[in-house]
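Peer 1: This is the structure I want to talk about, given as structure tokens.
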Amino acid sequence: MAVWDDLVGQDRAVGQLTAAARDADAYVTAEAAEGGSAGLSGSAMTHAWLFTGPPGAGRPQAARAFAGALQCVSPDRALGGSPGCGFCEGCHTTMVGTHADVTFVRTDLLSIGVKETRALVREAQMSPAGGRWQVIVLEDADRLTEGAGNVLLKAVEEPAPRTVWLLCAPSTEDVLPTIRSRCRHLALRTPPVDAVADLLMRRDGIDPDTARFAARATQGHIDRALRLATDERARARRQSVLKLPARVEDVGSALRAAQELLDAAAEDAKQVAEELDAKETEELRTALGAAEGKRLPRGTAGAMKELEDKQKRRATRTQRDSLDLALTDLTAFYRDVLARQLGSAVALAHDDPSAPVERLVTTSRPEQTLRRIDAVLECRRALDRNVAPLLAVEAMTMALRAG
């Protein structure tokens with residue numbers, strides 16, 4: 001199985017990355033044979049890439065696959081084969097995340113700071129330990145603080161000869177202009193629903209009906225589709241969210257719906273965090289030499305306090321992500337209503353005839369549906385501006401009620 005097999009619906013991007021990996025392989029091979037090289041100027045390969053695309057397009061997966069192709073050591077390359085076989089040691093260890101020269105950076109927090117970025121820059125200056133390239137995959141480049149972005153800029157401007165930066169962000173606007181101008185941009189698109197369903201069946205063994213339901217409900221978002229297909233809690237949470245439009249008929253019910261939506265997001269975040277927090281805390285206590293049921297050794301309280309602060313920041317991020325997921329489901333709901341009202345032939349995320357979609361199609365006008373979609377999007381923007389979540393969601397539910 002080639003490293004590209006999970007990049008469904010991204011044929012153009014795969015073609016570009018395959019050409020770049022082939023040029024990168026030729027560069028390293030020539031350097032090893034001749035003791036030097038003319039460089040990468042004019043080739044399909046470059047030292048810094050920016051992967052963009054809507055949520056679910058597979059930005060991290062594309063970066064990981066490209067990293068695997070860059071580290072490919074398959075003997076088929078000498079016979080004209082393209083790097084990225086998926087079976088050799090370089091490909092396999094990269095794809096499972098254990099390659100010594102490939103660093104994956106993702107965060108559970110709200111931002112990536114200067115301290116973490118400086119450590120990455122120092123690592124990027126090192127020569128590959130055993131692989132063909134030193135690869136840094138920054139999956140959340142949009143979460144770099146301004147200071148961290150400025151630290152990264154110098155490394156992207158003047159990279160080490162065998163270092164490659166792979167940055168992932170929703171759009172080019174989410175990274176500093178000075179950074180994006182020094183990266184080769186690769187735009188991904190939302191995968192087709194049928195392709196995502198096929199991936200879930202082929203890769204994850206999901207039964208066909210469940211795979212098609214999950215792919216359609218998430219409109220091609222691969223990770224969300226997998227969670228929806230395999231997690232009963234995720235399906236229950238989605239059903240709860242889809243009942244909200246029918247519950248905002250008066251002021252009291254609209255405010256209650258807002259509070260319940262926040263409570264559900266908090267509970268979802270708590271369930272995700274509990275197991276991970278307990279494991280991290282126990283591992284740190286063991287590393288600090290604390291016996292089970294005993295107090296921590298003197299001088300180690302600071303390390304525990306730092307972990308607790310990190311877990312609190314992660315809980316905030318997880319709760320926001322859960323709430324944003326609910327708002328995404330609401331947007332898809334009203335999109336379906338609008339599509340039905342306008343007689344559009346686009347595929348719907350909700351095809352259950354008993355769903356509240358049908359009631360709103362006949363009891364509201366398209367302009368009301370558009371205002372409701374705007375209300376959900378404005379709530380998401382308000383949350384991005386750090387407006388108090390309850391105020392933002394209450395304003396949204398009141399606007400949904402007004403129509």
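Chains: A, B, ... in order of the structure tokens. Residues: from 1 per chain. Ligands: from 1, in order shown.
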If we count only C-alpha atoms and set the cut-off at 8 Å, which residues sit around stretch 65-71 of chain A, ignoring sequence neighbours fewer than 6 positions away in its own chain? Please answer as an mmCIF file with C-alpha atoms, in the first residue's frame.

Peer 2:
data_model
loop_
_atom_site.group_PDB
_atom_site.id
_atom_site.type_symbol
_atom_site.label_atom_id
_atom_site.label_comp_id
_atom_site.auth_asym_id
_atom_site.auth_seq_id
_atom_site.Cartn_x
_atom_site.Cartn_y
_atom_site.Cartn_z
ATOM 1 C CA VAL A 3 1.808 6.195 1.355
ATOM 2 C CA TRP A 4 -0.725 8.127 -0.771
ATOM 3 C CA LEU A 17 3.954 15.659 -4.104
ATOM 4 C CA THR A 18 5.045 12.604 -6.071
ATOM 5 C CA ALA A 21 9.535 13.414 -3.815
ATOM 6 C CA ALA A 24 14.158 15.134 -3.666
ATOM 7 C CA ASP A 25 15.293 11.542 -4.100
ATOM 8 C CA PRO A 83 9.284 7.135 -3.781
ATOM 9 C CA GLY A 84 6.509 6.346 -1.301
ATOM 10 C CA CYS A 85 6.123 2.582 -1.611
ATOM 11 C CA GLY A 86 4.604 2.308 1.873
ATOM 12 C CA GLY A 90 11.629 4.612 5.753
ATOM 13 C CA CYS A 91 7.977 4.714 4.696
ATOM 14 C CA HIS A 92 6.711 2.410 7.433
ATOM 15 C CA THR A 94 7.355 7.536 9.137
ATOM 16 C CA MET A 95 3.719 6.534 8.749
ATOM 17 C CA VAL A 102 10.674 12.931 11.228
ATOM 18 C CA GLY A 131 17.256 8.987 7.009
ATOM 19 C CA ARG A 132 17.454 10.973 3.803
ATOM 20 C CA TRP A 133 15.931 14.197 5.174
ATOM 21 C CA VAL A 135 11.501 16.543 8.304
#

Peer 1: Got a sec: who's within 8 Å of A:Leu323, counting only C-alpha atoms, leaving out chain neighbours fewer than 5 positions off, as an NGL selection string?

Peer 2: :A and (261-262 or 265)

Peer 1: Give me a file of those residues, with N, CA, C and O atoms, as a compact mmCIF listing (two decimals), in the first residue's frame.

Peer 2:
# COMPACT_ATOMS: atom_id res chain seq x y z
N LEU A 261 -26.43 23.03 25.38
CA LEU A 261 -25.40 22.83 24.37
C LEU A 261 -24.01 22.99 24.98
O LEU A 261 -23.11 22.18 24.70
N LEU A 262 -23.85 23.98 25.81
CA LEU A 262 -22.56 24.17 26.50
C LEU A 262 -22.27 23.04 27.47
O LEU A 262 -21.13 22.57 27.56
N ALA A 265 -21.05 20.07 25.58
CA ALA A 265 -19.66 20.25 25.13
C ALA A 265 -18.69 20.03 26.28
O ALA A 265 -17.64 19.40 26.12

Peer 1: Run DSSP on the backbone of this structure and report the residues of stretch 121-231 of chain A it assigns to strand (DSSP E), as JSON, numbers by chain.

Peer 2: {"A": [134, 135, 136, 137, 138, 163, 164, 165, 166, 167, 168, 169, 184, 185, 186, 187]}

Peer 1: For the selection just defined, write its residues with all heavy atoms to a file, as a compact mmCIF listing (two decimals), in the first residue's frame.

Peer 2:
# COMPACT_ATOMS: atom_id res chain seq x y z
N GLN A 134 15.80 15.53 7.18
CA GLN A 134 15.28 15.91 8.48
C GLN A 134 13.95 16.62 8.21
O GLN A 134 13.92 17.68 7.58
CB GLN A 134 16.24 16.87 9.19
CG GLN A 134 15.77 17.35 10.55
CD GLN A 134 15.96 16.32 11.64
OE1 GLN A 134 14.99 15.78 12.14
NE2 GLN A 134 17.21 16.05 12.00
N VAL A 135 12.83 16.03 8.64
CA VAL A 135 11.50 16.54 8.30
C VAL A 135 10.78 16.98 9.57
O VAL A 135 10.67 16.21 10.53
CB VAL A 135 10.65 15.48 7.57
CG1 VAL A 135 9.32 16.09 7.12
CG2 VAL A 135 11.41 14.94 6.35
N ILE A 136 10.27 18.22 9.56
CA ILE A 136 9.47 18.75 10.67
C ILE A 136 8.06 18.97 10.16
O ILE A 136 7.83 19.79 9.26
CB ILE A 136 10.04 20.08 11.21
CG1 ILE A 136 11.54 19.99 11.45
CG2 ILE A 136 9.28 20.49 12.47
CD1 ILE A 136 11.94 19.07 12.57
N VAL A 137 7.10 18.23 10.71
CA VAL A 137 5.69 18.37 10.32
C VAL A 137 4.96 19.13 11.42
O VAL A 137 4.76 18.62 12.51
CB VAL A 137 5.03 16.99 10.10
CG1 VAL A 137 3.57 17.17 9.66
CG2 VAL A 137 5.80 16.17 9.06
N LEU A 138 4.57 20.37 11.13
CA LEU A 138 3.88 21.22 12.09
C LEU A 138 2.40 21.22 11.73
O LEU A 138 1.96 21.95 10.84
CB LEU A 138 4.46 22.63 12.06
CG LEU A 138 3.99 23.63 13.10
CD1 LEU A 138 4.16 23.07 14.51
CD2 LEU A 138 4.74 24.94 12.96
N THR A 163 16.96 19.72 5.41
CA THR A 163 15.80 19.90 6.29
C THR A 163 14.60 20.35 5.48
O THR A 163 14.72 21.20 4.60
CB THR A 163 16.09 20.92 7.40
OG1 THR A 163 17.08 20.41 8.28
CG2 THR A 163 14.83 21.23 8.21
N VAL A 164 13.43 19.78 5.78
CA VAL A 164 12.18 20.15 5.11
C VAL A 164 11.14 20.49 6.17
O VAL A 164 10.92 19.71 7.11
CB VAL A 164 11.65 19.00 4.22
CG1 VAL A 164 10.36 19.43 3.53
CG2 VAL A 164 12.69 18.58 3.20
N TRP A 165 10.51 21.65 6.01
CA TRP A 165 9.41 22.06 6.90
C TRP A 165 8.09 21.81 6.18
O TRP A 165 7.89 22.26 5.05
CB TRP A 165 9.52 23.55 7.24
CG TRP A 165 10.64 23.90 8.17
CD1 TRP A 165 11.91 24.23 7.82
CD2 TRP A 165 10.57 23.94 9.59
NE1 TRP A 165 12.66 24.48 8.95
CE2 TRP A 165 11.86 24.31 10.05
CE3 TRP A 165 9.57 23.70 10.53
CZ2 TRP A 165 12.16 24.45 11.40
CZ3 TRP A 165 9.86 23.84 11.87
CH2 TRP A 165 11.14 24.21 12.30
N LEU A 166 7.17 21.12 6.85
CA LEU A 166 5.83 20.87 6.31
C LEU A 166 4.82 21.48 7.28
O LEU A 166 4.59 20.97 8.37
CB LEU A 166 5.57 19.36 6.16
CG LEU A 166 6.61 18.57 5.34
CD1 LEU A 166 6.21 17.10 5.26
CD2 LEU A 166 6.78 19.15 3.95
N LEU A 167 4.24 22.61 6.89
CA LEU A 167 3.31 23.34 7.75
C LEU A 167 1.87 23.09 7.29
O LEU A 167 1.60 23.08 6.09
CB LEU A 167 3.61 24.84 7.71
CG LEU A 167 5.07 25.28 7.86
CD1 LEU A 167 5.16 26.80 7.82
CD2 LEU A 167 5.65 24.74 9.15
N CYS A 168 0.96 22.91 8.24
CA CYS A 168 -0.45 22.66 7.94
C CYS A 168 -1.30 23.75 8.58
O CYS A 168 -1.13 24.06 9.76
CB CYS A 168 -0.90 21.29 8.46
SG CYS A 168 0.06 19.90 7.85
N ALA A 169 -2.23 24.31 7.81
CA ALA A 169 -3.14 25.34 8.33
C ALA A 169 -4.41 25.34 7.49
O ALA A 169 -4.38 24.91 6.33
CB ALA A 169 -2.47 26.72 8.27
N ARG A 184 6.11 26.71 -0.43
CA ARG A 184 5.35 26.29 -1.61
C ARG A 184 3.96 25.87 -1.13
O ARG A 184 3.84 25.01 -0.26
CB ARG A 184 6.05 25.16 -2.34
CG ARG A 184 5.35 24.76 -3.64
CD ARG A 184 6.26 23.94 -4.52
NE ARG A 184 7.43 24.71 -4.92
CZ ARG A 184 8.48 24.22 -5.55
NH1 ARG A 184 8.51 22.93 -5.84
NH2 ARG A 184 9.49 24.99 -5.89
N HIS A 185 2.94 26.47 -1.72
CA HIS A 185 1.57 26.26 -1.24
C HIS A 185 0.93 25.07 -1.95
O HIS A 185 0.99 24.96 -3.18
CB HIS A 185 0.74 27.53 -1.49
CG HIS A 185 -0.67 27.42 -1.06
ND1 HIS A 185 -1.72 28.04 -1.70
CD2 HIS A 185 -1.23 26.74 -0.02
CE1 HIS A 185 -2.84 27.76 -1.10
NE2 HIS A 185 -2.59 26.97 -0.07
N LEU A 186 0.30 24.20 -1.17
CA LEU A 186 -0.44 23.07 -1.72
C LEU A 186 -1.84 23.08 -1.13
O LEU A 186 -2.02 22.89 0.08
CB LEU A 186 0.26 21.75 -1.38
CG LEU A 186 -0.32 20.52 -2.10
CD1 LEU A 186 0.11 20.54 -3.56
CD2 LEU A 186 0.17 19.24 -1.44
N ALA A 187 -2.84 23.36 -1.96
CA ALA A 187 -4.23 23.46 -1.49
C ALA A 187 -4.95 22.13 -1.68
O ALA A 187 -4.96 21.57 -2.78
CB ALA A 187 -4.95 24.57 -2.26

Peer 1: Enter the distance from atom CA of A:Arg180 to atom CA of A:Leu50, in Å, rounded to one decimal.

Peer 2: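 Calculated distance between atom CA of A:Arg180 and atom CA of A:Leu50 is 7.0 Å.
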
Peer 1: Restricting the calculation to only C-alpha atoms: of A:Arg64, A:Lys270, A:Arg401, A:Arg317, which residue gets closest to A:Ala258?

Peer 2: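 Counting only C-alpha atoms, the residue closest to A:Ala258 is A:Arg401.
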
Peer 1: Would you list the contacts of stretch 235-241 of chain A as a list in words, taking every protein, DNA or RNA residue within 10 Å and counting only C-alpha atoms, but skipping same-chain residues closer than 6 positions in sequence?

Peer 2: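 These residues fall inside the cut-off: Ala214, Ala217, Arg227, Leu228, Ala229, Ala257, Glu260, Leu261, Ala264, Ala265, Asp268, Ser322, Leu325, Ala326, Leu327, Asp329, Leu330, Phe333 and Ala355 of chain A.
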
Peer 1: Could you work out how far atom CA of A:Asp6 lies from atom CA of A:Arg202, giving the answer in Å with one decimal?

Peer 2: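 That distance, rounded to one decimal, is 9.9 Å.
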
Peer 1: Nearest to A:Cys72 among A:Ala2, A:Arg212, A:Lys115, A:Arg247, with distances taken over only C-alpha atoms: which residue is it?

Peer 2: A:Ala2

Peer 1: Need to verify the contact set: A:Arg216, 9 Å, only C-alpha atoms, exclusion of same-chain residues closer than 4 positions in sequence. Can you return it as JSON, numbers by chain?

Peer 2: {"A": [193, 194, 196, 197, 211, 212, 220, 225, 347, 348, 349, 350]}

Peer 1: Return the single residue from A:Val361, A:Val393, A:Ala63, A:Ala287 that is closest to A:Leu342, with distances computed using only C-alpha atoms.

Peer 2: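 Smallest distance to A:Leu342 is found for A:Val361.
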
Peer 1: Excluding A:Asp108 and residues on its chain fewer than 6 positions from it, collect all residues at most 10 Å away from it, counting only C-alpha atoms, and give them as a list in words.

Peer 2: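 Neighbouring residues, sequence-local ones excluded: Asp140, Lys310, Gln311, Arg313, Arg314, Ala315, Thr316, Arg317 and Thr318 of chain A.
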
Peer 1: Restricting the output to N, CA, C and O atoms, write the selected residues as a compact mmCIF listing (two decimals), in the first residue's frame.

Peer 2:
# COMPACT_ATOMS: atom_id res chain seq x y z
N ASP A 140 -0.28 22.12 13.32
CA ASP A 140 -1.14 23.24 13.77
C ASP A 140 -0.41 24.56 13.59
O ASP A 140 -0.29 25.35 14.53
N LYS A 310 -1.27 22.80 32.19
CA LYS A 310 -1.36 22.34 30.81
C LYS A 310 -2.67 21.59 30.58
O LYS A 310 -3.33 21.78 29.55
N GLN A 311 -3.06 20.76 31.54
CA GLN A 311 -4.30 20.00 31.39
C GLN A 311 -5.52 20.91 31.39
O GLN A 311 -6.49 20.65 30.67
N ARG A 313 -5.55 24.04 30.25
CA ARG A 313 -5.58 24.70 28.94
C ARG A 313 -6.08 23.74 27.87
O ARG A 313 -6.82 24.12 26.97
N ARG A 314 -5.67 22.47 27.99
CA ARG A 314 -6.13 21.48 27.02
C ARG A 314 -7.63 21.25 27.15
O ARG A 314 -8.33 21.06 26.14
N ALA A 315 -8.14 21.25 28.38
CA ALA A 315 -9.58 21.07 28.59
C ALA A 315 -10.37 22.20 27.93
O ALA A 315 -11.42 21.97 27.33
N THR A 316 -9.84 23.42 28.03
CA THR A 316 -10.50 24.57 27.39
C THR A 316 -10.53 24.38 25.89
O THR A 316 -11.55 24.61 25.23
N ARG A 317 -9.41 23.96 25.33
CA ARG A 317 -9.33 23.74 23.88
C ARG A 317 -10.29 22.61 23.47
O ARG A 317 -11.01 22.72 22.48
N THR A 318 -10.32 21.52 24.23
CA THR A 318 -11.18 20.39 23.89
C THR A 318 -12.65 20.79 23.94
O THR A 318 -13.45 20.39 23.08

Peer 1: Just want the 12 Å neighbourhood of A:Val357, counted on only C-alpha atoms, with same-chain residues fewer than 5 positions away dropped. Output as a short mmCIF file (atom, residue, chain, number, x, y, z; two decimals) with all heavy atoms, in the first residue's frame.

Peer 2:
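Result file is around_29.cif:
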data_model
loop_
_atom_site.label_atom_id
_atom_site.label_comp_id
_atom_site.auth_asym_id
_atom_site.auth_seq_id
_atom_site.Cartn_x
_atom_site.Cartn_y
_atom_site.Cartn_z
N LEU A 242 -29.07 18.12 16.65
CA LEU A 242 -30.03 18.28 15.57
C LEU A 242 -31.45 18.53 16.08
O LEU A 242 -32.33 18.94 15.31
CB LEU A 242 -30.02 17.05 14.66
CG LEU A 242 -28.70 16.80 13.91
CD1 LEU A 242 -28.82 15.58 13.03
CD2 LEU A 242 -28.31 18.02 13.09
N LYS A 243 -31.69 18.29 17.37
CA LYS A 243 -33.01 18.59 17.94
C LYS A 243 -33.14 20.06 18.34
O LYS A 243 -34.24 20.54 18.61
CB LYS A 243 -33.25 17.70 19.17
CG LYS A 243 -33.40 16.22 18.84
CD LYS A 243 -33.56 15.40 20.11
CE LYS A 243 -33.68 13.91 19.80
NZ LYS A 243 -33.78 13.09 21.02
N LEU A 244 -32.00 20.77 18.40
CA LEU A 244 -32.02 22.15 18.89
C LEU A 244 -32.91 23.07 18.05
O LEU A 244 -33.66 23.88 18.63
CB LEU A 244 -30.59 22.69 18.95
CG LEU A 244 -30.40 24.07 19.60
CD1 LEU A 244 -29.08 24.12 20.35
CD2 LEU A 244 -30.43 25.19 18.56
N PRO A 245 -32.90 23.02 16.72
CA PRO A 245 -33.74 23.96 15.95
C PRO A 245 -35.22 23.88 16.28
O PRO A 245 -35.94 24.88 16.16
CB PRO A 245 -33.48 23.54 14.49
CG PRO A 245 -32.11 22.96 14.51
CD PRO A 245 -32.03 22.23 15.82
N ALA A 246 -35.68 22.71 16.70
CA ALA A 246 -37.10 22.56 17.02
C ALA A 246 -37.42 23.00 18.45
O ALA A 246 -38.59 23.06 18.83
CB ALA A 246 -37.53 21.11 16.83
N LEU A 330 -24.88 22.09 13.14
CA LEU A 330 -26.02 23.00 12.96
C LEU A 330 -25.98 23.69 11.60
O LEU A 330 -27.00 23.85 10.93
CB LEU A 330 -26.03 24.06 14.07
CG LEU A 330 -26.79 23.74 15.35
CD1 LEU A 330 -26.69 24.91 16.32
CD2 LEU A 330 -28.25 23.41 15.06
N ALA A 332 -24.62 22.56 8.89
CA ALA A 332 -24.99 21.56 7.88
C ALA A 332 -26.51 21.33 7.87
O ALA A 332 -27.12 21.14 6.80
CB ALA A 332 -24.25 20.26 8.14
N PHE A 333 -27.12 21.36 9.05
CA PHE A 333 -28.58 21.19 9.15
C PHE A 333 -29.30 22.28 8.37
O PHE A 333 -30.17 22.00 7.53
CB PHE A 333 -28.98 21.22 10.63
CG PHE A 333 -30.47 21.18 10.85
CD1 PHE A 333 -31.13 19.98 10.98
CD2 PHE A 333 -31.20 22.36 10.94
CE1 PHE A 333 -32.51 19.94 11.19
CE2 PHE A 333 -32.58 22.34 11.14
CZ PHE A 333 -33.23 21.12 11.26
N TYR A 334 -28.94 23.55 8.64
CA TYR A 334 -29.63 24.65 7.96
C TYR A 334 -29.25 24.72 6.47
O TYR A 334 -30.05 25.18 5.65
CB TYR A 334 -29.33 25.97 8.66
CG TYR A 334 -30.07 26.12 9.97
CD1 TYR A 334 -29.40 26.15 11.18
CD2 TYR A 334 -31.46 26.22 9.99
CE1 TYR A 334 -30.08 26.26 12.38
CE2 TYR A 334 -32.16 26.35 11.18
CZ TYR A 334 -31.46 26.37 12.37
OH TYR A 334 -32.15 26.48 13.56
N ARG A 335 -28.08 24.26 6.13
CA ARG A 335 -27.71 24.16 4.71
C ARG A 335 -28.66 23.21 3.99
O ARG A 335 -29.10 23.48 2.87
CB ARG A 335 -26.27 23.67 4.58
CG ARG A 335 -25.87 23.23 3.18
CD ARG A 335 -24.56 22.46 3.23
NE ARG A 335 -24.26 21.82 1.95
CZ ARG A 335 -24.72 20.65 1.56
NH1 ARG A 335 -25.56 19.96 2.34
NH2 ARG A 335 -24.37 20.13 0.40
N ASP A 336 -28.97 22.08 4.63
CA ASP A 336 -29.91 21.13 4.04
C ASP A 336 -31.29 21.74 3.88
O ASP A 336 -31.98 21.53 2.87
CB ASP A 336 -29.99 19.87 4.89
CG ASP A 336 -28.81 18.94 4.68
OD1 ASP A 336 -27.91 19.30 3.90
OD2 ASP A 336 -28.79 17.86 5.30
N VAL A 337 -31.72 22.50 4.90
CA VAL A 337 -33.02 23.17 4.82
C VAL A 337 -33.04 24.12 3.62
O VAL A 337 -33.98 24.12 2.81
CB VAL A 337 -33.31 23.95 6.12
CG1 VAL A 337 -34.59 24.79 5.96
CG2 VAL A 337 -33.47 22.99 7.29
N LEU A 338 -31.97 24.92 3.48
CA LEU A 338 -31.91 25.89 2.39
C LEU A 338 -31.89 25.18 1.03
O LEU A 338 -32.56 25.61 0.08
CB LEU A 338 -30.68 26.77 2.55
CG LEU A 338 -30.52 27.91 1.53
CD1 LEU A 338 -31.68 28.89 1.68
CD2 LEU A 338 -29.18 28.61 1.73
N ALA A 339 -31.13 24.08 0.94
CA ALA A 339 -31.06 23.34 -0.32
C ALA A 339 -32.44 22.82 -0.72
O ALA A 339 -32.83 22.88 -1.90
CB ALA A 339 -30.07 22.19 -0.19
N ARG A 340 -33.18 22.31 0.25
CA ARG A 340 -34.53 21.80 -0.05
C ARG A 340 -35.47 22.95 -0.44
O ARG A 340 -36.30 22.80 -1.35
CB ARG A 340 -35.09 21.06 1.16
CG ARG A 340 -34.37 19.74 1.46
CD ARG A 340 -34.64 18.70 0.36
NE ARG A 340 -36.07 18.53 0.14
CZ ARG A 340 -36.85 17.74 0.89
NH1 ARG A 340 -36.32 17.05 1.89
NH2 ARG A 340 -38.13 17.64 0.63
N GLN A 341 -35.34 24.09 0.24
CA GLN A 341 -36.22 25.21 -0.07
C GLN A 341 -35.98 25.77 -1.47
O GLN A 341 -36.90 26.23 -2.13
CB GLN A 341 -36.02 26.33 0.97
CG GLN A 341 -36.59 25.99 2.34
CD GLN A 341 -36.23 27.02 3.39
OE1 GLN A 341 -35.15 27.62 3.34
NE2 GLN A 341 -37.12 27.24 4.35
N LEU A 348 -27.50 15.84 0.46
CA LEU A 348 -27.84 16.33 1.79
C LEU A 348 -27.08 15.55 2.86
O LEU A 348 -26.77 14.38 2.69
CB LEU A 348 -29.34 16.19 2.04
CG LEU A 348 -30.27 16.90 1.04
CD1 LEU A 348 -31.72 16.68 1.44
CD2 LEU A 348 -29.95 18.38 0.95
N ALA A 349 -26.78 16.25 3.97
CA ALA A 349 -26.13 15.58 5.09
C ALA A 349 -27.14 14.78 5.91
O ALA A 349 -26.78 13.84 6.60
CB ALA A 349 -25.45 16.62 5.99
N HIS A 350 -28.43 15.17 5.85
CA HIS A 350 -29.47 14.51 6.63
C HIS A 350 -30.54 14.03 5.66
O HIS A 350 -31.26 14.85 5.07
CB HIS A 350 -30.09 15.47 7.65
CG HIS A 350 -29.07 16.25 8.42
ND1 HIS A 350 -28.55 17.43 7.95
CD2 HIS A 350 -28.48 16.01 9.60
CE1 HIS A 350 -27.67 17.89 8.81
NE2 HIS A 350 -27.61 17.06 9.82
N ASP A 351 -30.65 12.73 5.47
CA ASP A 351 -31.65 12.22 4.53
C ASP A 351 -32.80 11.50 5.22
O ASP A 351 -33.58 10.80 4.59
CB ASP A 351 -30.99 11.30 3.50
CG ASP A 351 -30.42 10.03 4.14
OD1 ASP A 351 -30.38 9.97 5.38
OD2 ASP A 351 -30.02 9.11 3.40
N ASP A 352 -32.91 11.67 6.53
CA ASP A 352 -34.00 11.05 7.28
C ASP A 352 -35.27 11.88 7.09
O ASP A 352 -35.32 13.04 7.52
CB ASP A 352 -33.62 10.97 8.77
CG ASP A 352 -34.71 10.31 9.60
OD1 ASP A 352 -35.75 9.93 9.02
OD2 ASP A 352 -34.52 10.17 10.82
N THR A 362 -40.99 23.65 5.15
CA THR A 362 -42.35 24.11 4.83
C THR A 362 -42.84 25.26 5.71
O THR A 362 -43.79 25.94 5.35
CB THR A 362 -43.34 22.94 4.96
OG1 THR A 362 -43.26 22.38 6.29
CG2 THR A 362 -43.01 21.85 3.96
N THR A 363 -42.20 25.48 6.86
CA THR A 363 -42.70 26.51 7.79
C THR A 363 -41.83 27.75 7.84
O THR A 363 -42.10 28.66 8.63
CB THR A 363 -42.81 25.93 9.22
OG1 THR A 363 -41.51 25.51 9.66
CG2 THR A 363 -43.79 24.78 9.26
N SER A 364 -40.77 27.81 7.04
CA SER A 364 -39.93 29.00 7.03
C SER A 364 -39.55 29.35 5.60
O SER A 364 -39.74 28.56 4.68
CB SER A 364 -38.66 28.77 7.87
OG SER A 364 -37.85 27.75 7.31
N THR A 369 -33.77 31.11 6.67
CA THR A 369 -32.73 30.08 6.79
C THR A 369 -31.36 30.69 6.64
O THR A 369 -30.42 30.34 7.37
CB THR A 369 -32.95 28.98 5.74
OG1 THR A 369 -34.29 28.47 5.86
CG2 THR A 369 -31.96 27.85 5.92
#

Peer 1: Between atom CA of A:Asp209 and atom CA of A:Ala195, what is the distance, to one decimal in Å?

Peer 2: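 Atom-to-atom, atom CA of A:Asp209 to atom CA of A:Ala195, that is 14.0 Å.
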
Peer 1: Identify which of the residues A:Met398, A:Leu110, A:Leu153, A:Ala160 lies closest to A:Arg320, counting only C-alpha atoms when measuring atom-to-atom distances.

Peer 2: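 Selected residue with least distance to A:Arg320: A:Leu110.
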
Peer 1: I'd like to know which of A:Ala266, A:Ala57, A:Leu391, A:Ile112 is closest to A:Asp223, using only C-alpha atoms.

Peer 2: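 Looking only at the distances to A:Asp223, the closest residue turns out to be A:Ala57.
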
Peer 1: Considering only C-alpha atoms, state which residue in the set A:Lys312, A:Arg380, A:Arg59, A:Arg77 is at the smallest distance from A:Pro170.

Peer 2: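 Under the stated criterion, the closest residue is A:Arg59.
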
Peer 1: What parts of stretch 262-385 of chain A does DSSP call helix (DSSP H, G or I)? I'd like the answer as a VMD selection string.

Peer 2: chain A and resid 262 to 287 301 to 341 356 to 363 366 to 384
